[in-house]
Amino acid sequence: MKKIVGNFGLALLSACAILFFSTAAFARIDVGVIGSMTSGLALLGQRQINSAILAAEEWNAKGGINGEKTKLAIEDSGKSTTQAMTALDRVLAENVCAILGPIYSFQLFAMFPEINKEGVPLLSTSGTRKLTQMGNRWYFRLYPHDGITKRAYTLFAVEELGCTRPALMCVTTEYGKSGYKIIMDVLKSKGIKPVAVTWHEKSDKDMTGQLERIRRAHPSCIISQAHPPDTAQIIRQQYELGINIPHIASSAASMPTVHKLVGKYMEGVYVEAAAIPNYDPDPKIQAWTKKYVKKFRTRPDSFALLYYDTANFLFNAIKAVGPDRKKIRDWLEKNSYKGLAGRYKFDKEHNGAFFAIIVQYHMKNGKAIPTVVKKYDFTPE
Amino acid sequence: MNTSGGALIEVEDLGIRFGGLLAVSDVSFHVSEGSIHALIGPNGAGKTTILNMISGIYRPSRGKIIYGGRNIVGLPPYMVTREGIARTFQNIQVFEGLSVLENVMVARHVRTSVNLLSTILKTPKARREEKSIADKAVEALRFVGLADRKDMDAMNLPYGQKRLMEIARALATEPHLLLLDEPSAGMNEAEVLNLVNFINQIREKGITVILIEHNMRLVMKISDRITVLDFGEKIAEGPPEEIQNDPRVIEAYLGTENGYA
Amino acid sequence: MIQEIVSGLSIGCIYAMTGFGFVLIYNAVGAVNFAYGEIVMFGGYFGYLAIQSFGWSLGLAFLFSILAMAGLGIFNDYFAYFPMRHRPVVTVIIASIGLSILLRNSALAIWGPDPVKIKSFVGDQLVHIGNVVFPLHQLLIFIVTAFIFVGQVFFFSRTSIGRKLEATAQDQEMAKLMGIKVNRMILLTFVLAACLASIAGFLLAPLWFLEPDVGLYIIVKAFIAIVIGGFGSVYGLMAGGLFLGVTEVLVASHLTSEYKDVISFLILVTVLIVLPQGFFGEKVAEKV
Amino acid sequence: MGFTKRQMIVTLICFAAAVVLPIFFRGSRYYMNLFNLAGIFIILTFSLNYIHGYLGLISIGQAGFFAIGAYITAGLTMGLGINYFPALLLASIAAALAGVLLGLPASRIGGHYFVLITLAFGEIVRLIILNWKEVTHGTNGVNNIPPPRLGPLLIESRFAYYYLVLFFIIVTMVVAASVRRSKYGRSMLATKVGELAANVMGINPLSTKLINFGISSFFAGLAGGLYASYIGSISPEAFDVDLSVDILTMTLVGGSGTIPGPVIGATALVFLKEWLRAVKEYYMIIYGAGIVLIMIFMPYGIMGLLRRVRDVISSREVR
């Protein structure tokens with residue numbers, strides 16, 4: 001009996017010791033990372049979490065932020081608001097100084113009230129316009145929002161391609177719906193009305209009905225606003241059905257996955273993007289992409305690249321003002337950061353990225369290779 | 001022709017088809033109020049099918065069922081029960097998971113009126129009704145001698161007692177007409193004797209009984225009148241003594257089923 | 001219009017192909033197998049695995065898929081049916097829901113969330129007939145579906161093993177009395193259905209791509225096709241599948257693309273209400 | 001059939017524990033959140049418990065009623081400025097009406113067809129929410145849903161919300177208990193085991209089922225209304241088939257058709273899912289396998305298991 005008590009005491013003592021040293025001797029900075037690691041939404045989420053891991057490891061390898069190691073509290077936000085909320089709780093329980101958030105707007109919206117209440121900076125690379133229109137002082141967006149990218153590619157279609165009879169193909173999710181509104185606004189400002197508008201579910205596997213409707217309207221180009229799998233479906237079927245007019249696609253079509261699915265029909269397709277990590281001639285980006293592929297055995301997309309920039313921007317903030325939530329927010333509001341993909345500076349709404357590029361794909365040896373055809377920069381200054 | 005009173009139920013030219021098969025054709029019989037009327041015949045003669053038509057389970061292809069002066073063809077089973085016709089089943093139908101008492105209480109619901117909201121809120125009226133349901137159910141169980149088993153899971157009753165519980169359940173609906181489908185099946189000698197007593201007591205309560213039975217001794221002992229069916233058609237009808245000596249019956253029925261009579 | 005109908009028919013064929021194996025299992029064990037969509041998905045993914053990871057040719061990959069799927073069929077029977085065969089049907093249905101979650105997330109863990117595709121046996125050429133154009137692969141879909149359809153009808157009516165399966169499906173007790181080894185027949189059904197799923201997977205992967213959620217998508221569509229046609233009827237399934245495929249395309253093209261799926265579900269609900277036995281199913285009377 | 005003394009004591013102890021419990025966890029927002037979620041799921045599970053436990057049917061469309069309750073509560077409080085509690089009641093009644101409406105066709109069919117019609121219903125509700133942007137705000141969802149107000153009291157903290165949810169759990173359980181021991185409960189159970197026999201015993205199968213669906217969807221709607229104001233933000237993604245399957249699993253794990261079953265099942269699964277997070281991307285695989293294993297080894301859920309254990313013990317005592 002005595003022996004058991006003795007052992008128990010010893011265990012307790014060592015546990016206390018470990019706890020003491022881990023908090024005192026190895027002071028660390030906790031940063032939350034929330035993203036979808038399971039379900040279909042993991043398509044985008046997992047790549048971004050990879051970026052955060054990469055950035056944190058690089059900082060830690062260099063000795064941490066001001067000598068303190070960064071520890072990421074990574075939580076899965078799955079496919080629902082409930083899961084996102086629980087993930088947020090878990091991250092907040094780690095007492096993090098800032099959170100790198102999920103890309104999906106419905107999850108971010110749900111997190112906003114808690115973020116406000118807790119007063120913790122939340123950064124994400126989402127495109128949904130409305131996110132920064134709600135007056136949330138703690139949320140920062142580091143991706144050109146739909147107002148930028150959709151404006152860029154609609155302007156490109158009208159001004160550069162001379163398309164006066166566009167047809168729109170949009171997905172029924174928020175991404176498709178908010179994109180639709182911006183495209184319509186830009187078209188209206190140019191005095192153009194689309195000749196046809198079609199909608200589809202994200203999970204739809206066949207677009208013949210939508211494309212036939214579009215064919216009957218005799219458009220001069222197709223502008224699509226959709227997620228990766230359905231974008232692939234749309235582009236492939238458009239050309240299979242012999243509707244040989246220019247296609248201007250949303251950034252989903254810049255994903256390598258989509259190119260594999262579309263195959264030779266990627267020839268000539270225009271795509272709007274914030275960045276093209278895999279084909280950018282910039283040696284820094286090339287080096288980064290190489291490192292990413294080597295580590296995670298999957299190719300990064302533009303979201304992943306900007307998420308990496310986002311993480312670095314945040315770490316710079318922590319380096320400047322320490323792990324203090326309010327100070328980080330204030331620092332982010334005032335400072336700018338030159339990342340791999342471009343320069344980030346926040347406007348009043350906390351939009352941080354205003355650049356967009358239009359690329360055109362050409363098939364070379366069975367691979368779709370992008371070339372930049374137009375760069376847009378709407379930075380307010 | 002009548003033992004007492006007028007006809008409680010008149011079955012006229014009743015017929016039903018299943019697919020292309022004529023299961024019952026042009027069967028007519030009248031059952032007098034307060035009598036015990038037996039339907040007999042070999043397996044597949046259409047006896048249970050007739051009960052199923054009377055209780056609304058099957059809809060006859062032709063014919064009428066006049067009960068209390070009104071054609072009840074087309075009424076769903078629960079309405080037929082509300083009109084005062086109760087029955088038991090050839091294959092015992094116990095409500096599994098309910099106690100013996102609850103099994104019988106179920107049959108009382110047809111005579112209740114309190115609505116859902118009052119039930120959930122447990123208004124005094126709802127409590128009173130619930131109590132009366134239980135009281136009447138216990139009374140029915142007492143009648144068949146199962147009052148002491150009321151809290152058992154009904155599934156655990158021995159076979160013969162399950163049959164008695166079914167009868168109690170049928171009686172709890174306060175029927176004028178009781179349809180018994182082979183009540184003695186699976187019962188031992190003593191239980192059958194007991195059953196004869198019950199059926200007589202039921203009649204004494206003023207309840208008319210239509211009985212399907214294979215046990216000829218039982219049938220002959222208690223029936224006032226017997227209708228004999230074969231291949232879905234009526235081949236004879238009359239009081240027991242007459243039927244026992246009817247050559248057609250002996251040929252069609254008794255001839256094929258040894259061991260009875 | 002003809003273009004739309006041709007595409008609709010090919011979609012319908014995929015629904016029907018998914019339905020064939022599903023109905024096979026339904027007839028044998030009397031329970032809806034919610035995991036069958038995922039099983040079709042695995043049929044495609046096994047092919048992808050052989051091509052991508054082992055570097056095998058398409059034909060070899062197909063053989064591999066058939067074999068691997070036979071294994072999956074056995075697993076389905078022994079894990080999610082056999083232990084529950086004496087329990088209420090509900091148990092088996094829920095187990096199949098569990099299996100579908102298991103398989104869907106296994107695919108996610110093994111192959112990741114990115115959609116992938118496998119090449120078609122006939123390449124990616126297009127066929128032009130007048131104004132109508134369609135991928136050669138769609139022609140392959142038509143031919144294979146027709147072949148499987150006729151084959152299935154023939155198999156059950158003309159071969160002794162088919163008749164044994166049919167007898168098992170209709171009445172297990174009776175089949176037992178006739179000396180049929182019922183459990184073995186059911187195992188065979190699961191294996192057969194899984195092999196059919198392999199074919200369906202290879203047919204849909206080049207056009208619809210493989211992703212962890214594709215199974216759920218097609219099984220729901222196959223359900224609607226099955227209900228329209230009538231549960232358990234192969235003819236009904238074929239007709240229901242084609243009807244649904246064509247309707248979907250026509251609705252999206254001429255009526256509404258936004259509420260296309262709502263209309264499909266409303267068709268399902270309407271058929272369930274108006275004609276619960278479907279257009280080809282038999283009405284079964286309840287016995288007392 | 002009243003409560004036995006032992007049942008009463010156990011129930012009282014459980015309630016006392018439920019009242020005291022959060023005081024120890026007050027500091028942990030994480031645990032308080034899990035308790036509240038578990039509470040909402042308990043009510044949801046009770047709602048399916050009616051359909052599955054009392055009628056023996058499988059519904060995978062409960063998420064539809066949950067969504068109706070959530071959206072109508074949000075709409076009434078935010079759009080029309082109605083106080084939370086009347087809004088919650090109205091939303092639950094609306095969900096109940098939807099249940100009865102679905103029941104009209106659904107009560108005529110059983111087995112597989114019922115599963116499919118509920119699946120279709122859930123999906124139709126979700127797709128309408130998704131596409132009817134003018135009213136539901138599509139995928140953006142409804143955000144900043146105000147917390148419930150009770151007179152001068154604003155129920156905002158998770159701690160306060162816990163007691164609100166607890167109150168409604170008690171209401172749900174009391175109703176469940178009184179339905180079970182009323183003529184309605186008996187009629188449902190009789191219809192479940194033998195619809196035709198019950199019909200012949202004078203029970204109208206249609207009205208019995210409609211009442212069942214009505215009560216069931218009322219509580220699903222109630223849970224939805226609680227969820228909406230608790231999370232403060234709702235969007236169609238939250239109401240898909242997976243949620244309905246979760247509810248079904250909770251019902252079965254606890255033991256359907258019983259009163260403690262839903263409480264045990266919902267709590268166990270909410271926490272189990274959290275603990276399984278440690279295995280990250282594999283947890284849904286384990287979850288799926290778990291459902292099958294439960295069907296194999298515990299077809300009557302934890303309650304069934306407890307009952308078996310009790311029977312074994314009591315039979316020993318007799319010896």
# chains A, B, ... in the order shown; residues from 1 in each chain; ligands from 1

call {"tool": "residues_around", "arguments": {"residues": "Met53 in chain B", "least_positions_apart": "2", "cutoff": "12 Å", "atoms": "only C-alpha atoms", "output": "number ranges by chain"}}
result
B: 11, 14-17, 23-24, 27, 46-51, 55-65, 72-77, 80, 85, 87, 179; D: 200

call {"tool": "residues_around", "arguments": {"residues": "Met187 in chain B", "least_positions_apart": "3", "cutoff": "12 Å", "atoms": "only C-alpha atoms", "output": "PyMOL selection string"}}
result
chain B and resi 158-164+182-184+190-196+215

call {"tool": "closest_atom_pairs", "arguments": {"of": "chain A", "to": "chain C", "cutoff": "7 Å", "atoms": "only C-alpha atoms", "output": "CSV"}}
result
residue,atom,partner,partner_atom,distance
A:Gly40,CA,C:Pro113,CA,5.8
A:Ala42,CA,C:Pro113,CA,6.1
A:Leu43,CA,C:Pro113,CA,4.9
A:Thr198,CA,C:Ser257,CA,6.0
A:Trp199,CA,C:Glu258,CA,5.1
A:His200,CA,C:Ser257,CA,6.1
A:Lys205,CA,C:Trp208,CA,5.4
A:Thr208,CA,C:Val249,CA,6.3
A:Gly209,CA,C:Ser253,CA,4.1
A:Gln210,CA,C:Ser253,CA,5.2
A:Glu212,CA,C:Ser253,CA,6.0
A:Arg213,CA,C:Ser253,CA,4.8
A:Pro229,CA,C:Pro115,CA,6.6
A:Glu240,CA,C:Phe134,CA,6.9
A:Leu241,CA,C:Val133,CA,6.0
A:Thr257,CA,C:Asp114,CA,6.5
A:Leu261,CA,C:Lys117,CA,6.2

call {"tool": "residues_around", "arguments": {"residues": "Arg203 in chain B", "least_positions_apart": "4", "cutoff": "9 Å", "atoms": "only C-alpha atoms", "output": "ChimeraX atom specification"}}
result
/B:34-36,198-199,207-209

call {"tool": "write_last_selection", "arguments": {"atoms": "N, CA and C atoms", "output": "short mmCIF file (atom, residue, chain, number, x, y, z; two decimals), in the first residue's frame"}}
result
data_model
loop_
_atom_site.label_atom_id
_atom_site.label_comp_id
_atom_site.auth_asym_id
_atom_site.auth_seq_id
_atom_site.Cartn_x
_atom_site.Cartn_y
_atom_site.Cartn_z
N GLY B 34 -77.64 -12.47 -30.38
CA GLY B 34 -77.52 -13.29 -29.19
C GLY B 34 -77.20 -14.75 -29.44
N SER B 35 -76.92 -15.10 -30.69
CA SER B 35 -76.67 -16.51 -30.97
C SER B 35 -75.17 -16.78 -31.13
N ILE B 36 -74.82 -18.05 -31.16
CA ILE B 36 -73.45 -18.44 -31.51
C ILE B 36 -73.52 -19.15 -32.84
N PHE B 198 -66.42 -19.86 -21.21
CA PHE B 198 -66.31 -18.45 -21.57
C PHE B 198 -67.29 -18.06 -22.64
N ILE B 199 -67.26 -18.87 -23.70
CA ILE B 199 -68.08 -18.50 -24.85
C ILE B 199 -69.55 -18.43 -24.42
N ILE B 207 -73.71 -10.81 -26.11
CA ILE B 207 -72.85 -10.62 -27.27
C ILE B 207 -73.05 -11.77 -28.25
N THR B 208 -73.26 -11.43 -29.52
CA THR B 208 -73.41 -12.43 -30.57
C THR B 208 -72.02 -12.92 -30.98
N VAL B 209 -71.89 -14.19 -31.29
CA VAL B 209 -70.58 -14.74 -31.60
C VAL B 209 -70.59 -15.45 -32.96
#

call {"tool": "closest_atom_pairs", "arguments": {"of": "chain B", "to": "chain D", "cutoff": "6 Å", "atoms": "only C-alpha atoms", "output": "tab-separated table"}}
result
residue	atom	partner	partner_atom	distance
B:Pro77	CA	D:Val200	CA	4.9
B:Tyr78	CA	D:Gly202	CA	3.8
B:Thr81	CA	D:Gly202	CA	5.2
B:Phe95	CA	D:Ala190	CA	5.4
B:Ala107	CA	D:Met201	CA	5.2
B:Val110	CA	D:Gly202	CA	5.3
B:Ile120	CA	D:Ser178	CA	5.9

call {"tool": "closest_atom_pairs", "arguments": {"of": "chain D", "to": "chain C", "cutoff": "8 Å", "atoms": "only C-alpha atoms", "output": "CSV"}}
result
residue,atom,partner,partner_atom,distance
D:Ile58,CA,C:Val90,CA,7.4
D:Pro105,CA,C:Ile273,CA,5.5
D:Ala106,CA,C:Ile273,CA,7.7
D:Ile109,CA,C:Pro276,CA,7.5
D:Gly111,CA,C:Val90,CA,7.9
D:His112,CA,C:Val32,CA,6.6
D:Tyr113,CA,C:Leu272,CA,7.2
D:Leu116,CA,C:Phe223,CA,7.6
D:Ile117,CA,C:Val269,CA,6.1
D:Ala120,CA,C:Phe265,CA,5.5
D:Phe121,CA,C:Phe265,CA,7.8
D:Glu123,CA,C:Phe265,CA,7.9
D:Ile124,CA,C:Val262,CA,5.6
D:Leu127,CA,C:Val262,CA,6.7
D:Ile128,CA,C:Val262,CA,7.7
D:Asn131,CA,C:Glu258,CA,7.0
D:Leu196,CA,C:Val288,CA,7.6
D:Val245,CA,C:Ile97,CA,7.9
D:Glu281,CA,C:Ala109,CA,6.6
D:Tyr282,CA,C:Ala109,CA,7.0
D:Met284,CA,C:Asn105,CA,6.1
D:Ile285,CA,C:Leu102,CA,4.5
D:Ile286,CA,C:Leu102,CA,7.0
D:Tyr287,CA,C:Leu102,CA,7.2
D:Gly288,CA,C:Leu102,CA,4.3
D:Ala289,CA,C:Leu102,CA,5.7
D:Gly290,CA,C:Gly98,CA,7.4
D:Ile291,CA,C:Gly98,CA,5.0
D:Val292,CA,C:Ala95,CA,4.5
D:Met295,CA,C:Thr91,CA,6.1
D:Ile296,CA,C:Pro83,CA,6.1
D:Pro299,CA,C:Thr91,CA,7.2

call {"tool": "interface_residues", "arguments": {"of": "chain D", "to": "chain A", "cutoff": "8 Å", "atoms": "only C-alpha atoms", "output": "ChimeraX atom specification"}}
result
/D:28-30,33-34,130-131,138-141,143-144,231-235,237-238,280-281

call {"tool": "write_last_selection", "arguments": {"atoms": "N, CA, C and O atoms", "output": "PDB file, in the first residue's frame"}}
result
ATOM      1  N   SER D  28     -14.816  26.231 -18.394  1.00  0.00           N
ATOM      2  CA  SER D  28     -14.432  25.647 -19.679  1.00  0.00           C
ATOM      3  C   SER D  28     -15.511  25.884 -20.728  1.00  0.00           C
ATOM      4  O   SER D  28     -16.532  25.229 -20.748  1.00  0.00           O
ATOM      5  N   ARG D  29     -15.238  26.840 -21.618  1.00  0.00           N
ATOM      6  CA  ARG D  29     -16.196  27.115 -22.675  1.00  0.00           C
ATOM      7  C   ARG D  29     -16.359  25.889 -23.551  1.00  0.00           C
ATOM      8  O   ARG D  29     -17.419  25.613 -24.075  1.00  0.00           O
ATOM      9  N   TYR D  30     -15.263  25.147 -23.675  1.00  0.00           N
ATOM     10  CA  TYR D  30     -15.276  23.970 -24.520  1.00  0.00           C
ATOM     11  C   TYR D  30     -16.271  22.924 -24.004  1.00  0.00           C
ATOM     12  O   TYR D  30     -17.121  22.441 -24.736  1.00  0.00           O
ATOM     13  N   ASN D  33     -19.857  24.109 -24.172  1.00  0.00           N
ATOM     14  CA  ASN D  33     -20.371  23.995 -25.533  1.00  0.00           C
ATOM     15  C   ASN D  33     -20.812  22.568 -25.832  1.00  0.00           C
ATOM     16  O   ASN D  33     -21.892  22.330 -26.372  1.00  0.00           O
ATOM     17  N   LEU D  34     -19.970  21.619 -25.423  1.00  0.00           N
ATOM     18  CA  LEU D  34     -20.327  20.222 -25.681  1.00  0.00           C
ATOM     19  C   LEU D  34     -21.599  19.834 -24.935  1.00  0.00           C
ATOM     20  O   LEU D  34     -22.456  19.141 -25.470  1.00  0.00           O
ATOM     21  N   LEU D 130     -31.258  26.389 -49.684  1.00  0.00           N
ATOM     22  CA  LEU D 130     -30.076  26.763 -50.453  1.00  0.00           C
ATOM     23  C   LEU D 130     -30.424  27.741 -51.575  1.00  0.00           C
ATOM     24  O   LEU D 130     -29.707  28.705 -51.828  1.00  0.00           O
ATOM     25  N   ASN D 131     -31.528  27.497 -52.249  1.00  0.00           N
ATOM     26  CA  ASN D 131     -31.812  28.256 -53.468  1.00  0.00           C
ATOM     27  C   ASN D 131     -32.761  29.435 -53.286  1.00  0.00           C
ATOM     28  O   ASN D 131     -32.804  30.324 -54.120  1.00  0.00           O
ATOM     29  N   GLY D 138     -29.590  31.948 -48.758  1.00  0.00           N
ATOM     30  CA  GLY D 138     -28.768  30.904 -49.374  1.00  0.00           C
ATOM     31  C   GLY D 138     -27.666  30.387 -48.481  1.00  0.00           C
ATOM     32  O   GLY D 138     -27.855  30.227 -47.274  1.00  0.00           O
ATOM     33  N   THR D 139     -26.502  30.150 -49.067  1.00  0.00           N
ATOM     34  CA  THR D 139     -25.385  29.588 -48.299  1.00  0.00           C
ATOM     35  C   THR D 139     -24.827  30.558 -47.280  1.00  0.00           C
ATOM     36  O   THR D 139     -24.190  30.144 -46.328  1.00  0.00           O
ATOM     37  N   ASN D 140     -25.008  31.844 -47.525  1.00  0.00           N
ATOM     38  CA  ASN D 140     -24.574  32.824 -46.540  1.00  0.00           C
ATOM     39  C   ASN D 140     -25.168  32.535 -45.185  1.00  0.00           C
ATOM     40  O   ASN D 140     -24.582  32.790 -44.154  1.00  0.00           O
ATOM     41  N   GLY D 141     -26.390  32.027 -45.244  1.00  0.00           N
ATOM     42  CA  GLY D 141     -27.075  31.704 -44.009  1.00  0.00           C
ATOM     43  C   GLY D 141     -27.595  32.931 -43.302  1.00  0.00           C
ATOM     44  O   GLY D 141     -27.420  34.062 -43.752  1.00  0.00           O
ATOM     45  N   ASN D 143     -27.281  35.164 -40.074  1.00  0.00           N
ATOM     46  CA  ASN D 143     -26.234  35.394 -39.079  1.00  0.00           C
ATOM     47  C   ASN D 143     -26.707  36.361 -37.995  1.00  0.00           C
ATOM     48  O   ASN D 143     -27.712  37.042 -38.169  1.00  0.00           O
ATOM     49  N   ASN D 144     -25.925  36.408 -36.925  1.00  0.00           N
ATOM     50  CA  ASN D 144     -26.237  37.298 -35.807  1.00  0.00           C
ATOM     51  C   ASN D 144     -27.645  37.101 -35.259  1.00  0.00           C
ATOM     52  O   ASN D 144     -28.369  38.054 -35.002  1.00  0.00           O
ATOM     53  N   ILE D 231     -26.145  28.816 -31.622  1.00  0.00           N
ATOM     54  CA  ILE D 231     -24.998  28.993 -32.516  1.00  0.00           C
ATOM     55  C   ILE D 231     -24.977  30.422 -33.057  1.00  0.00           C
ATOM     56  O   ILE D 231     -23.928  30.991 -33.321  1.00  0.00           O
ATOM     57  N   GLY D 232     -26.174  30.989 -33.245  1.00  0.00           N
ATOM     58  CA  GLY D 232     -26.250  32.367 -33.699  1.00  0.00           C
ATOM     59  C   GLY D 232     -26.096  32.526 -35.191  1.00  0.00           C
ATOM     60  O   GLY D 232     -26.129  33.631 -35.713  1.00  0.00           O
ATOM     61  N   SER D 233     -25.911  31.429 -35.892  1.00  0.00           N
ATOM     62  CA  SER D 233     -25.674  31.504 -37.332  1.00  0.00           C
ATOM     63  C   SER D 233     -26.061  30.175 -37.954  1.00  0.00           C
ATOM     64  O   SER D 233     -25.587  29.137 -37.530  1.00  0.00           O
ATOM     65  N   ILE D 234     -26.975  30.212 -38.923  1.00  0.00           N
ATOM     66  CA  ILE D 234     -27.389  28.950 -39.530  1.00  0.00           C
ATOM     67  C   ILE D 234     -27.245  29.031 -41.041  1.00  0.00           C
ATOM     68  O   ILE D 234     -27.437  30.084 -41.638  1.00  0.00           O
ATOM     69  N   SER D 235     -26.871  27.914 -41.630  1.00  0.00           N
ATOM     70  CA  SER D 235     -26.750  27.856 -43.085  1.00  0.00           C
ATOM     71  C   SER D 235     -27.089  26.441 -43.530  1.00  0.00           C
ATOM     72  O   SER D 235     -27.028  25.506 -42.734  1.00  0.00           O
ATOM     73  N   GLU D 237     -25.733  24.090 -44.986  1.00  0.00           N
ATOM     74  CA  GLU D 237     -24.757  23.012 -44.823  1.00  0.00           C
ATOM     75  C   GLU D 237     -24.970  22.236 -43.524  1.00  0.00           C
ATOM     76  O   GLU D 237     -24.629  21.072 -43.439  1.00  0.00           O
ATOM     77  N   ALA D 238     -25.541  22.942 -42.533  1.00  0.00           N
ATOM     78  CA  ALA D 238     -25.678  22.302 -41.227  1.00  0.00           C
ATOM     79  C   ALA D 238     -26.797  21.257 -41.218  1.00  0.00           C
ATOM     80  O   ALA D 238     -26.912  20.491 -40.281  1.00  0.00           O
ATOM     81  N   LYS D 280      -7.996  12.392 -35.934  1.00  0.00           N
ATOM     82  CA  LYS D 280      -8.169  13.266 -37.094  1.00  0.00           C
ATOM     83  C   LYS D 280      -8.953  12.629 -38.244  1.00  0.00           C
ATOM     84  O   LYS D 280     -10.093  12.266 -38.071  1.00  0.00           O
ATOM     85  N   GLU D 281      -8.268  12.464 -39.388  1.00  0.00           N
ATOM     86  CA  GLU D 281      -9.041  12.103 -40.577  1.00  0.00           C
ATOM     87  C   GLU D 281      -9.644  10.699 -40.531  1.00  0.00           C
ATOM     88  O   GLU D 281     -10.434  10.356 -41.385  1.00  0.00           O
TER      89      GLU D 281
END

call {"tool": "closest_residue", "arguments": {"among": "B:Pro42, B:Val94, B:Asn52, B:His214", "to": "Glu251 in chain B", "atoms": "only C-alpha atoms"}}
result
B:Pro42

call {"tool": "residues_around", "arguments": {"residues": "range 40-51 of chain D", "least_positions_apart": "5", "cutoff": "6 Å", "atoms": "only C-alpha atoms", "output": "ChimeraX atom specification"}}
result
/D:57,216,219-220,223,247,251,256-257,262-263,266

call {"tool": "select_by_dssp", "arguments": {"residues": "range 83-295 of chain D", "states": "alpha helix (DSSP H)", "output": "ChimeraX atom specification"}}
result
/D:84-106,111-131,133-136,158-180,183-193,195-200,205-231,241-254,260-275,283-295

call {"tool": "residues_around", "arguments": {"residues": "Tyr26 in chain C", "least_positions_apart": "6", "cutoff": "10 Å", "atoms": "only C-alpha atoms", "output": "list in words"}}
result
Gly19, Phe20, Val32, Asn33, Ala169, Thr189, Phe231 and Gly232 of chain C

call {"tool": "closest_residue", "arguments": {"among": "C:Phe149, C:Phe42, C:Phe34, C:Phe155", "to": "Leu119 in chain D", "atoms": "only C-alpha atoms"}}
result
C:Phe34

call {"tool": "residues_around", "arguments": {"residues": "Ile53 in chain A", "least_positions_apart": "6", "cutoff": "10 Å", "atoms": "only C-alpha atoms", "output": "CSV table (one decimal) with N, CA and C atoms, in the first residue's frame"}}
result
chain,number,residue,atom,x,y,z
A,33,VAL,N,-5.2,27.0,-35.9
A,33,VAL,CA,-5.4,26.7,-37.3
A,33,VAL,C,-6.7,25.9,-37.5
A,47,ARG,N,-4.9,21.6,-48.0
A,47,ARG,CA,-3.7,22.2,-48.6
A,47,ARG,C,-3.3,23.5,-47.8
A,71,LYS,N,3.6,27.0,-31.7
A,71,LYS,CA,2.9,25.8,-31.7
A,71,LYS,C,1.5,26.0,-32.4
A,72,LEU,N,1.2,25.2,-33.4
A,72,LEU,CA,-0.1,25.3,-34.0
A,72,LEU,C,-1.1,24.4,-33.4
A,74,ILE,N,-4.1,22.7,-34.4
A,74,ILE,CA,-4.8,22.5,-35.6
A,74,ILE,C,-6.1,21.7,-35.3
A,308,TYR,N,-0.1,30.7,-47.0
A,308,TYR,CA,1.3,30.7,-46.5
A,308,TYR,C,1.7,32.1,-46.3
A,311,ALA,N,0.0,33.3,-43.1
A,311,ALA,CA,0.7,32.8,-41.9
A,311,ALA,C,1.9,33.6,-41.6

call {"tool": "select_by_dssp", "arguments": {"residues": "range 127-272 of chain A", "states": "strand (DSSP E)", "output": "MDAnalysis selection string"}}
result
chainID A and resid 139:141 166:171 196:200 221:225 247:249 270:272

call {"tool": "atom_distance", "arguments": {"atom1": "CA of Lys164 in chain C", "atom2": "CA of Met185 in chain C"}}
result
7.6 Å

call {"tool": "closest_residue", "arguments": {"among": "B:Ile9, B:Asp181, B:Arg149, B:Glu139", "to": "chain C", "atoms": "only C-alpha atoms"}}
result
B:Asp181

call {"tool": "residues_around", "arguments": {"residues": "Ala274 in chain A", "least_positions_apart": "6", "cutoff": "12 Å", "atoms": "only C-alpha atoms", "output": "number ranges by chain"}}
result
A: 125-127, 142-146, 148-150, 152-153, 250-252, 254-255, 280, 301-307, 340-343, 353-359, 372, 374-377
